[in-house]
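Chemist: See model.cif below, with mmCIF, C-alpha atoms and all ligand atoms.
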```
data_model
#
loop_
_atom_site.label_atom_id
_atom_site.label_comp_id
_atom_site.auth_asym_id
_atom_site.auth_seq_id
_atom_site.Cartn_x
_atom_site.Cartn_y
_atom_site.Cartn_z
CA MET A 1 -174.58 -59.28 -31.11
CA THR A 2 -173.63 -62.80 -32.21
CA THR A 3 -171.87 -64.97 -29.60
CA TYR A 4 -169.54 -67.75 -30.73
CA LEU A 5 -167.50 -69.85 -28.30
CA PRO A 6 -167.60 -67.88 -25.02
CA ASP A 7 -164.30 -69.34 -23.74
CA LEU A 8 -162.40 -68.94 -27.01
CA LEU A 9 -159.74 -66.67 -25.41
CA ARG A 10 -159.94 -67.94 -21.81
CA GLY A 11 -156.44 -67.81 -20.27
CA LYS A 12 -155.10 -65.43 -22.92
CA ALA A 13 -153.74 -61.92 -22.24
CA ALA A 14 -154.10 -59.01 -24.65
CA PHE A 15 -152.74 -55.46 -24.91
CA VAL A 16 -154.60 -52.84 -26.95
CA ALA A 17 -152.74 -49.60 -27.73
CA GLY A 18 -155.30 -46.84 -28.25
CA GLY A 19 -157.85 -49.11 -26.61
CA THR A 20 -159.75 -46.51 -24.60
CA SER A 21 -162.31 -45.35 -27.17
CA GLY A 22 -163.98 -46.07 -30.49
CA ILE A 23 -162.94 -49.06 -32.57
CA ASN A 24 -160.03 -50.09 -30.37
CA LEU A 25 -162.18 -50.11 -27.23
CA GLY A 26 -164.66 -52.20 -29.23
CA ILE A 27 -161.83 -54.66 -29.91
CA ALA A 28 -160.78 -54.65 -26.23
CA ARG A 29 -164.40 -55.32 -25.17
CA CYS A 30 -164.68 -58.19 -27.63
CA LEU A 31 -161.44 -59.84 -26.48
CA ALA A 32 -162.57 -59.49 -22.84
CA ARG A 33 -166.04 -60.89 -23.65
CA TYR A 34 -164.38 -64.05 -24.96
CA GLY A 35 -162.33 -64.53 -21.81
CA ALA A 36 -159.06 -62.64 -22.36
CA SER A 37 -157.48 -60.42 -19.72
CA VAL A 38 -156.95 -57.06 -21.42
CA ALA A 39 -154.63 -54.10 -20.90
CA VAL A 40 -155.24 -50.79 -22.66
CA LEU A 41 -152.97 -47.80 -23.28
CA SER A 42 -153.73 -44.21 -24.28
CA ARG A 43 -152.67 -40.69 -23.30
CA SER A 44 -155.62 -39.63 -21.16
CA GLN A 45 -155.65 -41.08 -17.64
CA ASP A 46 -159.42 -40.44 -17.41
CA LYS A 47 -160.07 -42.48 -20.56
CA VAL A 48 -157.76 -45.24 -19.34
CA THR A 49 -159.55 -45.41 -15.96
CA ALA A 50 -163.02 -45.52 -17.58
CA ALA A 51 -161.99 -48.22 -20.06
CA VAL A 52 -160.38 -50.38 -17.35
CA ASP A 53 -163.50 -50.07 -15.14
CA GLU A 54 -165.66 -51.23 -18.03
CA LEU A 55 -163.33 -54.06 -19.08
CA ARG A 56 -163.18 -55.37 -15.50
CA ARG A 57 -166.96 -55.77 -15.63
CA ILE A 58 -166.73 -57.76 -18.88
CA GLY A 59 -163.66 -59.99 -18.63
CA PRO A 60 -161.47 -61.70 -16.04
CA ARG A 61 -158.87 -58.96 -15.50
CA ALA A 62 -157.99 -55.55 -16.91
CA GLU A 63 -155.15 -53.05 -16.54
CA GLY A 64 -154.48 -49.65 -18.07
CA TYR A 65 -151.55 -47.37 -18.78
CA ALA A 66 -151.51 -43.66 -19.58
CA ALA A 67 -148.77 -43.23 -22.17
CA ASP A 68 -148.06 -41.80 -25.62
CA VAL A 69 -147.22 -44.24 -28.43
CA ARG A 70 -144.70 -41.69 -29.74
CA ASP A 71 -142.57 -42.42 -26.65
CA PHE A 72 -140.91 -45.80 -27.23
CA GLY A 73 -139.67 -46.10 -23.65
CA ALA A 74 -143.16 -45.49 -22.25
CA VAL A 75 -144.68 -48.08 -24.60
CA GLN A 76 -142.01 -50.59 -23.61
CA THR A 77 -142.63 -49.95 -19.90
CA ALA A 78 -146.41 -50.39 -20.32
CA LEU A 79 -146.12 -53.63 -22.29
CA THR A 80 -143.67 -55.06 -19.76
CA ALA A 81 -145.94 -54.05 -16.86
CA ALA A 82 -148.96 -55.61 -18.60
CA ALA A 83 -147.09 -58.88 -19.08
CA VAL A 84 -146.26 -58.92 -15.36
CA ALA A 85 -149.80 -57.98 -14.26
CA LEU A 86 -151.78 -60.20 -16.64
CA GLY A 87 -149.29 -62.93 -17.47
CA PRO A 88 -147.44 -63.49 -20.74
CA LEU A 89 -149.11 -61.61 -23.56
CA ASP A 90 -150.64 -63.54 -26.47
CA ILE A 91 -152.32 -60.71 -28.42
CA VAL A 92 -151.15 -57.14 -29.10
CA VAL A 93 -153.31 -54.67 -31.01
CA SER A 94 -151.90 -51.36 -32.27
CA GLY A 95 -154.64 -48.86 -33.13
CA ALA A 96 -153.72 -45.44 -31.73
CA ALA A 97 -154.14 -42.77 -34.39
CA GLY A 98 -154.92 -39.14 -34.98
CA ASN A 99 -156.79 -37.66 -37.91
CA PHE A 100 -157.95 -34.33 -39.30
CA VAL A 101 -158.97 -33.18 -42.75
CA ALA A 102 -156.40 -30.92 -44.49
CA PRO A 103 -155.75 -30.41 -48.19
CA ALA A 104 -152.09 -31.19 -48.95
CA ALA A 105 -151.52 -27.60 -50.10
CA LYS A 106 -152.52 -26.35 -46.62
CA LEU A 107 -150.95 -29.16 -44.59
CA THR A 108 -148.03 -28.03 -42.43
CA SER A 109 -144.89 -30.01 -41.87
CA ASN A 110 -145.90 -30.39 -38.21
CA GLY A 111 -149.39 -31.61 -39.13
CA PHE A 112 -147.99 -34.26 -41.49
CA LYS A 113 -145.36 -35.27 -38.93
CA ALA A 114 -147.90 -35.56 -36.11
CA VAL A 115 -149.92 -38.18 -38.00
CA MET A 116 -146.81 -40.05 -39.17
CA ASP A 117 -145.50 -40.05 -35.60
CA ILE A 118 -148.69 -41.29 -33.94
CA ASP A 119 -149.93 -43.72 -36.61
CA LEU A 120 -146.80 -45.11 -38.27
CA LEU A 121 -143.96 -44.57 -35.80
CA GLY A 122 -146.38 -45.36 -32.93
CA THR A 123 -147.31 -48.66 -34.59
CA PHE A 124 -143.64 -49.50 -35.03
CA HIS A 125 -143.07 -48.70 -31.35
CA VAL A 126 -145.93 -50.96 -30.22
CA CYS A 127 -144.86 -53.84 -32.51
CA ARG A 128 -141.18 -53.48 -31.64
CA ALA A 129 -141.85 -53.41 -27.88
CA ALA A 130 -144.35 -56.27 -28.28
CA TRP A 131 -141.67 -58.42 -29.92
CA GLU A 132 -139.72 -58.47 -26.63
CA VAL A 133 -142.68 -59.79 -24.62
CA ILE A 134 -144.76 -61.79 -27.12
CA ARG A 135 -142.09 -63.77 -28.92
CA LYS A 136 -143.64 -67.25 -28.99
CA PRO A 137 -145.51 -69.51 -31.40
CA GLY A 138 -149.20 -68.61 -31.62
CA ALA A 139 -148.75 -64.95 -30.67
CA SER A 140 -150.86 -62.51 -32.68
CA ILE A 141 -150.11 -58.86 -33.46
CA ILE A 142 -152.91 -56.88 -35.11
CA ASN A 143 -152.38 -53.41 -36.57
CA ILE A 144 -155.28 -51.11 -37.38
CA SER A 145 -155.06 -49.62 -40.85
CA ALA A 146 -157.68 -47.59 -42.75
CA PRO A 147 -159.25 -47.45 -46.23
CA GLN A 148 -157.05 -44.39 -46.93
CA SER A 149 -154.09 -46.80 -47.32
CA THR A 150 -155.59 -47.81 -50.67
CA VAL A 151 -158.51 -45.46 -51.38
CA VAL A 152 -157.36 -41.92 -52.11
CA GLN A 153 -159.48 -39.23 -50.45
CA PRO A 154 -159.15 -35.43 -50.60
CA GLY A 155 -157.62 -33.93 -47.46
CA GLN A 156 -156.15 -37.26 -46.31
CA SER A 157 -152.63 -37.37 -47.82
CA HIS A 158 -151.04 -37.58 -44.37
CA VAL A 159 -153.32 -40.44 -43.27
CA SER A 160 -152.90 -42.30 -46.58
CA ALA A 161 -149.11 -42.11 -46.27
CA ALA A 162 -149.14 -43.27 -42.63
CA LYS A 163 -151.65 -46.10 -43.09
CA ALA A 164 -150.00 -47.37 -46.30
CA GLY A 165 -146.81 -47.47 -44.22
CA ILE A 166 -148.62 -49.51 -41.57
CA ASP A 167 -149.75 -52.03 -44.21
CA MET A 168 -146.17 -52.54 -45.43
CA LEU A 169 -144.78 -52.60 -41.89
CA THR A 170 -147.31 -55.34 -41.12
CA ARG A 171 -146.19 -57.40 -44.11
CA SER A 172 -142.50 -56.85 -43.32
CA LEU A 173 -142.87 -57.92 -39.69
CA ALA A 174 -144.94 -60.96 -40.72
CA LEU A 175 -142.08 -62.00 -43.01
CA GLU A 176 -139.37 -61.49 -40.38
CA TRP A 177 -141.23 -62.78 -37.32
CA GLY A 178 -143.09 -65.69 -38.91
CA PRO A 179 -140.22 -68.14 -38.29
CA GLU A 180 -140.73 -67.58 -34.52
CA GLY A 181 -144.45 -68.34 -34.89
CA VAL A 182 -145.54 -64.74 -34.35
CA ARG A 183 -148.36 -63.72 -36.72
CA VAL A 184 -148.71 -60.08 -37.75
CA ASN A 185 -151.86 -58.92 -39.58
CA ALA A 186 -153.75 -55.69 -40.18
CA ILE A 187 -157.45 -54.92 -40.16
CA VAL A 188 -158.80 -52.20 -42.44
CA PRO A 189 -162.07 -51.05 -40.90
CA GLY A 190 -164.59 -49.28 -43.12
CA PRO A 191 -166.58 -46.32 -41.76
CA ILE A 192 -167.60 -47.26 -38.23
CA GLU A 193 -170.68 -46.06 -36.33
CA GLY A 194 -170.26 -43.66 -33.41
CA THR A 195 -166.51 -43.05 -33.78
CA GLU A 196 -164.38 -39.95 -33.51
CA GLY A 197 -162.91 -40.79 -36.91
CA MET A 198 -166.24 -40.63 -38.75
CA ALA A 199 -167.37 -37.59 -36.74
CA ARG A 200 -164.38 -35.78 -38.28
CA LEU A 201 -164.58 -37.23 -41.81
CA ALA A 202 -168.39 -37.09 -42.25
CA PRO A 203 -169.72 -34.52 -39.78
CA THR A 204 -173.15 -33.91 -41.44
CA PRO A 205 -176.05 -36.24 -42.39
CA GLU A 206 -175.39 -35.45 -46.07
CA ALA A 207 -171.72 -36.39 -45.73
CA ARG A 208 -172.73 -39.60 -43.97
CA ARG A 209 -175.14 -40.51 -46.77
CA ALA A 210 -172.37 -39.86 -49.31
CA VAL A 211 -170.02 -42.21 -47.43
CA GLU A 212 -172.74 -44.88 -47.16
CA GLY A 213 -173.18 -44.59 -50.92
CA LEU A 214 -169.54 -45.67 -51.37
CA VAL A 215 -170.08 -48.83 -49.31
CA PRO A 216 -171.55 -51.80 -51.24
CA LEU A 217 -173.34 -52.95 -48.04
CA ARG A 218 -174.75 -49.38 -47.81
CA ARG A 219 -174.22 -48.87 -44.09
CA TYR A 220 -171.61 -47.99 -41.48
CA GLY A 221 -170.07 -50.93 -39.62
CA THR A 222 -169.94 -51.33 -35.85
CA ALA A 223 -167.01 -51.55 -33.45
CA ASP A 224 -168.30 -55.03 -32.53
CA GLU A 225 -167.87 -56.13 -36.14
CA ILE A 226 -164.22 -55.02 -36.07
CA GLY A 227 -163.90 -56.75 -32.68
CA ASP A 228 -165.13 -59.97 -34.31
CA MET A 229 -162.39 -59.72 -36.95
CA ALA A 230 -159.78 -59.17 -34.20
CA LEU A 231 -161.28 -62.18 -32.39
CA PHE A 232 -160.76 -64.32 -35.51
CA LEU A 233 -157.17 -63.11 -35.95
CA SER A 234 -156.47 -63.80 -32.25
CA SER A 235 -157.92 -67.30 -32.33
CA PRO A 236 -156.58 -70.67 -33.49
CA ALA A 237 -158.97 -70.33 -36.46
CA ALA A 238 -156.40 -67.91 -37.93
CA ALA A 239 -153.36 -70.07 -37.10
CA TYR A 240 -152.14 -70.00 -40.73
CA VAL A 241 -152.93 -66.33 -41.39
CA THR A 242 -150.06 -63.84 -41.33
CA GLY A 243 -149.10 -60.77 -43.35
CA ALA A 244 -152.75 -60.30 -44.32
CA ILE A 245 -154.31 -56.87 -44.74
CA ILE A 246 -157.94 -57.77 -44.05
CA TYR A 247 -160.73 -55.45 -45.20
CA CYS A 248 -163.66 -55.32 -42.81
CA ASP A 249 -165.28 -52.45 -44.65
CA GLY A 250 -168.61 -53.49 -46.14
CA GLY A 251 -166.76 -53.75 -49.46
CA MET A 252 -165.83 -50.05 -49.55
CA VAL A 253 -162.45 -50.72 -51.15
CA LEU A 254 -164.06 -52.52 -54.11
CA GLY A 255 -165.68 -49.53 -55.73
CA ARG A 256 -162.50 -47.43 -55.99
P1 LIG A 301 -160.61 -42.79 -31.47
O1 LIG A 301 -161.86 -43.13 -30.72
O2 LIG A 301 -160.14 -41.38 -31.49
O3 LIG A 301 -159.46 -43.75 -30.94
C1 LIG A 301 -158.11 -43.40 -30.96
C2 LIG A 301 -157.47 -43.95 -29.69
O4 LIG A 301 -156.06 -43.74 -29.76
C3 LIG A 301 -157.96 -43.28 -28.42
O5 LIG A 301 -158.02 -44.27 -27.41
C4 LIG A 301 -156.87 -42.26 -28.10
O6 LIG A 301 -156.89 -42.01 -26.70
C5 LIG A 301 -155.65 -43.04 -28.58
N1 LIG A 301 -154.53 -42.20 -28.97
C6 LIG A 301 -154.51 -41.17 -29.87
N2 LIG A 301 -153.27 -40.65 -29.96
C7 LIG A 301 -152.49 -41.37 -29.11
C8 LIG A 301 -151.12 -41.33 -28.76
N3 LIG A 301 -150.29 -40.42 -29.28
N4 LIG A 301 -150.65 -42.23 -27.85
C9 LIG A 301 -151.47 -43.14 -27.29
N5 LIG A 301 -152.78 -43.24 -27.59
C10 LIG A 301 -153.28 -42.37 -28.49
O7 LIG A 301 -160.69 -43.20 -33.01
P2 LIG A 301 -161.48 -44.25 -33.93
O8 LIG A 301 -162.18 -43.45 -34.95
O9 LIG A 301 -162.22 -45.29 -33.16
O10 LIG A 301 -160.22 -44.94 -34.69
C11 LIG A 301 -159.51 -46.00 -34.09
C12 LIG A 301 -158.57 -46.63 -35.12
O11 LIG A 301 -159.33 -47.13 -36.25
C13 LIG A 301 -157.56 -45.67 -35.72
O12 LIG A 301 -156.36 -46.38 -35.98
C14 LIG A 301 -158.21 -45.24 -37.03
O13 LIG A 301 -157.27 -44.79 -37.98
C15 LIG A 301 -158.85 -46.54 -37.45
N6 LIG A 301 -159.98 -46.41 -38.36
C16 LIG A 301 -161.10 -45.76 -37.95
C17 LIG A 301 -162.22 -45.70 -38.77
C18 LIG A 301 -163.51 -45.09 -38.31
O14 LIG A 301 -164.55 -45.29 -38.95
N7 LIG A 301 -163.53 -44.39 -37.22
C19 LIG A 301 -162.16 -46.29 -40.04
C20 LIG A 301 -160.97 -46.90 -40.45
C21 LIG A 301 -159.90 -46.97 -39.59
P3 LIG A 301 -156.19 -40.70 -26.01
O15 LIG A 301 -156.84 -39.51 -26.58
O16 LIG A 301 -156.44 -40.91 -24.55
O17 LIG A 301 -154.73 -40.79 -26.33
#
```
Could you show the structure in this file as structure tokens?

Modeler:
Amino acid sequence: MTTYLPDLLRGKAAFVAGGTSGINLGIARCLARYGASVAVLSRSQDKVTAAVDELRRIGPRAEGYAADVRDFGAVQTALTAAAVALGPLDIVVSGAAGNFVAPAAKLTSNGFKAVMDIDLLGTFHVCRAAWEVIRKPGASIINISAPQSTVVQPGQSHVSAAKAGIDMLTRSLALEWGPEGVRVNAIVPGPIEGTEGMARLAPTPEARRAVEGLVPLRRYGTADEIGDMALFLSSPAAAYVTGAIIYCDGGMVLGR
């Protein structure tokens, strides 16, 4: 793991929705490692407790909230509580998502709605609630998109629709909130090692090799590498970056 400026985020406070496992926990760890106090939110109290315990060992302070991003009131309550517990928030990451493989012809209305509700509506909820507590110059909101927003894949129509919506929501909010100094960007991770997402999309060694073959760098990425991109977007180095949909995908999007 490469270490840059260890105090880069010292004194900052961050909130990571969906930050109790996989890529989002990797982002939370990275922000904590560079000195930020970090709050995480997800549905499972056990996952929240485990993530908070780990983050308290890495960074200055950590808090956690068991809540569902589909419930706007619960998201609002958690963000407000985090701002009280950790101090005014500087960084909000929205990465909660659900995924399953289903051909469009077999996809139910409920299945489609579930992904739209968690990924797209949930991201709107997190951003909208964040606006009330993060509204100041230098604040950074980071949404987590996916290659499916641009790269069409069989069995992923619901995810493509939701993540493409997240990309446009990101650009819309960047346009509207830029005048207040709030930056809104999205990261598009490629296939990431050891995640629930890739366990579902490429469950066998053959499927994994096929995915690696689509990546110009010919490997899966790591949660730390996505954390590094979130670190950049949270830092003064990205002070003039807003409305960007940033691919951190080993070049996967290029070949399609
Ligand atoms: P993951 O480990 O399953 O992480 C999803 C997180 O969201 C968990 O903390 C989960 O915790 C939480 N969550 C799910 N539904 C929620 C809800 N309704 N309300 C609140 N929290 C909820 O998945 P991952 O594979 O690392 O993916 C993380 C993000 O990266 C997602 O946005 C995904 O689309 C994106 N992404 C992943 C990959 C990949 O290679 N894995 C590639 C591109 C993009 P609870 O179960 O406790 O709620």

Chemist: Do you have, as a Markdown table, the list of residues of chain A lying at most 8 Å from ligand LIG 301 (chain A), each with its nearest atom pair and that distance in Å to one decimal, counting all atoms listed in the file and ordered by chain then number?

Modeler:
```
| residue | atom | partner | partner_atom | distance |
| --- | --- | --- | --- | --- |
| A:Ala17 | CA | A:LIG301 | N5 | 6.4 |
| A:Gly18 | CA | A:LIG301 | O4 | 3.5 |
| A:Gly19 | CA | A:LIG301 | O5 | 4.9 |
| A:Thr20 | CA | A:LIG301 | O5 | 4.0 |
| A:Ser21 | CA | A:LIG301 | O1 | 4.2 |
| A:Gly22 | CA | A:LIG301 | O9 | 3.3 |
| A:Ile23 | CA | A:LIG301 | O9 | 3.9 |
| A:Asn24 | CA | A:LIG301 | C11 | 5.6 |
| A:Leu25 | CA | A:LIG301 | O5 | 7.2 |
| A:Leu41 | CA | A:LIG301 | N5 | 6.3 |
| A:Ser42 | CA | A:LIG301 | N5 | 3.6 |
| A:Arg43 | CA | A:LIG301 | O17 | 3.7 |
| A:Ser44 | CA | A:LIG301 | O16 | 3.7 |
| A:Gln45 | CA | A:LIG301 | O16 | 7.0 |
| A:Asp46 | CA | A:LIG301 | O16 | 7.8 |
| A:Lys47 | CA | A:LIG301 | O16 | 5.6 |
| A:Val48 | CA | A:LIG301 | O16 | 6.9 |
| A:Ala66 | CA | A:LIG301 | O16 | 7.5 |
| A:Ala67 | CA | A:LIG301 | C9 | 5.8 |
| A:Asp68 | CA | A:LIG301 | N4 | 3.4 |
| A:Val69 | CA | A:LIG301 | N4 | 4.0 |
| A:Arg70 | CA | A:LIG301 | N3 | 5.8 |
| A:Ser94 | CA | A:LIG301 | O12 | 7.6 |
| A:Gly95 | CA | A:LIG301 | O12 | 4.2 |
| A:Ala96 | CA | A:LIG301 | O4 | 3.5 |
| A:Ala97 | CA | A:LIG301 | O12 | 4.5 |
| A:Gly98 | CA | A:LIG301 | N2 | 5.5 |
| A:Asn99 | CA | A:LIG301 | O13 | 7.1 |
| A:Asp117 | CA | A:LIG301 | N3 | 7.9 |
| A:Ile118 | CA | A:LIG301 | N3 | 5.0 |
| A:Asp119 | CA | A:LIG301 | O12 | 7.0 |
| A:Gly122 | CA | A:LIG301 | N3 | 7.3 |
| A:Ile144 | CA | A:LIG301 | O12 | 5.0 |
| A:Ser145 | CA | A:LIG301 | C21 | 5.7 |
| A:Ala146 | CA | A:LIG301 | C21 | 3.9 |
| A:Pro147 | CA | A:LIG301 | C20 | 6.1 |
| A:Gln148 | CA | A:LIG301 | C20 | 8.0 |
| A:Val159 | CA | A:LIG301 | O13 | 7.9 |
| A:Lys163 | CA | A:LIG301 | O13 | 7.7 |
| A:Val188 | CA | A:LIG301 | C21 | 6.1 |
| A:Pro189 | CA | A:LIG301 | C20 | 4.3 |
| A:Gly190 | CA | A:LIG301 | C19 | 4.9 |
| A:Pro191 | CA | A:LIG301 | O14 | 3.6 |
| A:Ile192 | CA | A:LIG301 | O14 | 3.7 |
| A:Glu193 | CA | A:LIG301 | O14 | 6.7 |
| A:Gly194 | CA | A:LIG301 | N7 | 7.8 |
| A:Thr195 | CA | A:LIG301 | O8 | 4.5 |
| A:Glu196 | CA | A:LIG301 | O8 | 4.4 |
| A:Gly197 | CA | A:LIG301 | O8 | 3.4 |
| A:Met198 | CA | A:LIG301 | N7 | 4.9 |
| A:Ala199 | CA | A:LIG301 | N7 | 7.8 |
| A:Tyr220 | CA | A:LIG301 | O14 | 8.0 |
| A:Gly221 | CA | A:LIG301 | O14 | 7.9 |
| A:Ala223 | CA | A:LIG301 | O9 | 7.9 |
```

Chemist: Excluding Leu173 (chain A) and residues on its chain fewer than 4 positions from it, collect all residues at most 12 Å away from it, counting all atoms listed in the file, and give them as a VMD selection string.

Modeler: chain A and resid 123 to 124 127 to 128 130 to 131 140 to 143 166 to 169 177 to 186 242 to 244

Chemist: Closest to Pro236 (chain A) among A:Arg56, A:Leu217, A:Pro137, A:Ala102, using all atoms listed in the file?

Modeler: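 Distance minimum relative to Pro236 (chain A) lands on A:Pro137.
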
Chemist: For a test of reading the model, state the distance in Å between CA of Gly227 (chain A) and CA of Leu254 (chain A), rounded to one decimal.

Modeler: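 Between these atoms lies a distance of 21.8 Å.
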
Chemist: What does the distance from CA of Pro103 (chain A) to CA of Gln153 (chain A) come to in Å, to one decimal?

Modeler: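 These atoms are spaced 9.8 Å apart.
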
Chemist: Between A:Gly138, A:Gly59, A:Gly251, A:Gly64, which residue has the minimum interatomic distance to Leu89 (chain A), considering only C-alpha atoms?

Modeler: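 That would be A:Gly138, the residue with the smallest distance to Leu89 (chain A).
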
Chemist: Smallest atom-to-atom distance to Asp249 (chain A): which of A:Ile187, A:Ala207, A:Ala51, A:Ala39, using all atoms listed in the file?

Modeler: A:Ile187

Chemist: Enter the distance from CA of Ser157 (chain A) to CA of Leu121 (chain A), in Å, rounded to one decimal.

Modeler: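 The value is 16.5 Å.
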
Chemist: When distances are computed from all atoms listed in the file, which of A:Gly155, A:Leu120, A:Ala139, A:Val126 shows the smallest separation from Leu107 (chain A)?

Modeler: A:Gly155

Chemist: Which of these, A:Val215, A:Cys248, A:Leu231, A:Ala105, has the shortest distance to Ala36 (chain A) once you count all atoms listed in the file?

Modeler: A:Leu231

Chemist: For Arg10 (chain A), find every residue with an atom within 7 Å (counting all atoms listed in the file), except residues of its own chain fewer than 3 positions away, and show them as a PyMOL selection string.

Modeler: chain A and resi 7+34-36

Chemist: Once you add 3 Å to each side, what are the centre and edge lengths of the axis-aligned box holding all listed atoms of region 117-121 of chain A? One decimal in Å, as JSON, if you can.

Modeler:
```
{"center_x": -146.9, "center_y": -42.6, "center_z": -36.1, "size_x": 12.0, "size_y": 11.1, "size_z": 10.3}
```

Chemist: Which one is closest to Ala28 (chain A): A:Arg135, A:His158, A:Lys113, A:Arg61? Count all atoms listed in the file.

Modeler: A:Arg61

Chemist: Complete region 148-161 of chain A at the level of N, CA, C and O atoms, written as a PDB file, keeping the file's coordinate frame.

Modeler:
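As written to disk, part-v5.pdb reads:
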```
ATOM      1  N   GLN A 148    -157.923 -45.380 -46.283  1.00  0.00           N
ATOM      2  CA  GLN A 148    -157.050 -44.390 -46.930  1.00  0.00           C
ATOM      3  C   GLN A 148    -155.713 -45.003 -47.371  1.00  0.00           C
ATOM      4  O   GLN A 148    -155.004 -44.394 -48.165  1.00  0.00           O
ATOM      5  N   SER A 149    -155.354 -46.193 -46.872  1.00  0.00           N
ATOM      6  CA  SER A 149    -154.090 -46.800 -47.320  1.00  0.00           C
ATOM      7  C   SER A 149    -154.181 -47.223 -48.777  1.00  0.00           C
ATOM      8  O   SER A 149    -153.159 -47.375 -49.443  1.00  0.00           O
ATOM      9  N   THR A 150    -155.404 -47.417 -49.270  1.00  0.00           N
ATOM     10  CA  THR A 150    -155.590 -47.810 -50.670  1.00  0.00           C
ATOM     11  C   THR A 150    -156.486 -46.839 -51.421  1.00  0.00           C
ATOM     12  O   THR A 150    -156.278 -46.594 -52.609  1.00  0.00           O
ATOM     13  N   VAL A 151    -157.513 -46.314 -50.739  1.00  0.00           N
ATOM     14  CA  VAL A 151    -158.510 -45.460 -51.380  1.00  0.00           C
ATOM     15  C   VAL A 151    -158.126 -44.003 -51.160  1.00  0.00           C
ATOM     16  O   VAL A 151    -158.124 -43.515 -50.035  1.00  0.00           O
ATOM     17  N   VAL A 152    -157.789 -43.316 -52.231  1.00  0.00           N
ATOM     18  CA  VAL A 152    -157.360 -41.920 -52.110  1.00  0.00           C
ATOM     19  C   VAL A 152    -158.558 -41.034 -51.805  1.00  0.00           C
ATOM     20  O   VAL A 152    -159.620 -41.171 -52.399  1.00  0.00           O
ATOM     21  N   GLN A 153    -158.400 -40.158 -50.809  1.00  0.00           N
ATOM     22  CA  GLN A 153    -159.480 -39.230 -50.450  1.00  0.00           C
ATOM     23  C   GLN A 153    -158.913 -37.825 -50.327  1.00  0.00           C
ATOM     24  O   GLN A 153    -157.800 -37.669 -49.801  1.00  0.00           O
ATOM     25  N   PRO A 154    -159.657 -36.799 -50.752  1.00  0.00           N
ATOM     26  CA  PRO A 154    -159.150 -35.430 -50.600  1.00  0.00           C
ATOM     27  C   PRO A 154    -158.938 -35.091 -49.127  1.00  0.00           C
ATOM     28  O   PRO A 154    -159.731 -35.494 -48.278  1.00  0.00           O
ATOM     29  N   GLY A 155    -157.870 -34.383 -48.829  1.00  0.00           N
ATOM     30  CA  GLY A 155    -157.620 -33.930 -47.460  1.00  0.00           C
ATOM     31  C   GLY A 155    -157.047 -35.006 -46.562  1.00  0.00           C
ATOM     32  O   GLY A 155    -156.986 -34.841 -45.337  1.00  0.00           O
ATOM     33  N   GLN A 156    -156.604 -36.136 -47.145  1.00  0.00           N
ATOM     34  CA  GLN A 156    -156.150 -37.260 -46.310  1.00  0.00           C
ATOM     35  C   GLN A 156    -154.764 -37.761 -46.725  1.00  0.00           C
ATOM     36  O   GLN A 156    -154.431 -38.921 -46.479  1.00  0.00           O
ATOM     37  N   SER A 157    -153.944 -36.896 -47.351  1.00  0.00           N
ATOM     38  CA  SER A 157    -152.630 -37.370 -47.820  1.00  0.00           C
ATOM     39  C   SER A 157    -151.770 -37.878 -46.672  1.00  0.00           C
ATOM     40  O   SER A 157    -151.065 -38.884 -46.797  1.00  0.00           O
ATOM     41  N   HIS A 158    -151.833 -37.190 -45.538  1.00  0.00           N
ATOM     42  CA  HIS A 158    -151.040 -37.580 -44.370  1.00  0.00           C
ATOM     43  C   HIS A 158    -151.474 -38.951 -43.846  1.00  0.00           C
ATOM     44  O   HIS A 158    -150.654 -39.807 -43.519  1.00  0.00           O
ATOM     45  N   VAL A 159    -152.800 -39.163 -43.773  1.00  0.00           N
ATOM     46  CA  VAL A 159    -153.320 -40.440 -43.270  1.00  0.00           C
ATOM     47  C   VAL A 159    -153.021 -41.559 -44.262  1.00  0.00           C
ATOM     48  O   VAL A 159    -152.620 -42.669 -43.874  1.00  0.00           O
ATOM     49  N   SER A 160    -153.196 -41.279 -45.561  1.00  0.00           N
ATOM     50  CA  SER A 160    -152.900 -42.300 -46.580  1.00  0.00           C
ATOM     51  C   SER A 160    -151.443 -42.743 -46.473  1.00  0.00           C
ATOM     52  O   SER A 160    -151.143 -43.946 -46.524  1.00  0.00           O
ATOM     53  N   ALA A 161    -150.536 -41.774 -46.345  1.00  0.00           N
ATOM     54  CA  ALA A 161    -149.110 -42.110 -46.270  1.00  0.00           C
ATOM     55  C   ALA A 161    -148.829 -42.955 -45.022  1.00  0.00           C
ATOM     56  O   ALA A 161    -148.114 -43.973 -45.076  1.00  0.00           O
TER      57      ALA A 161
END
```
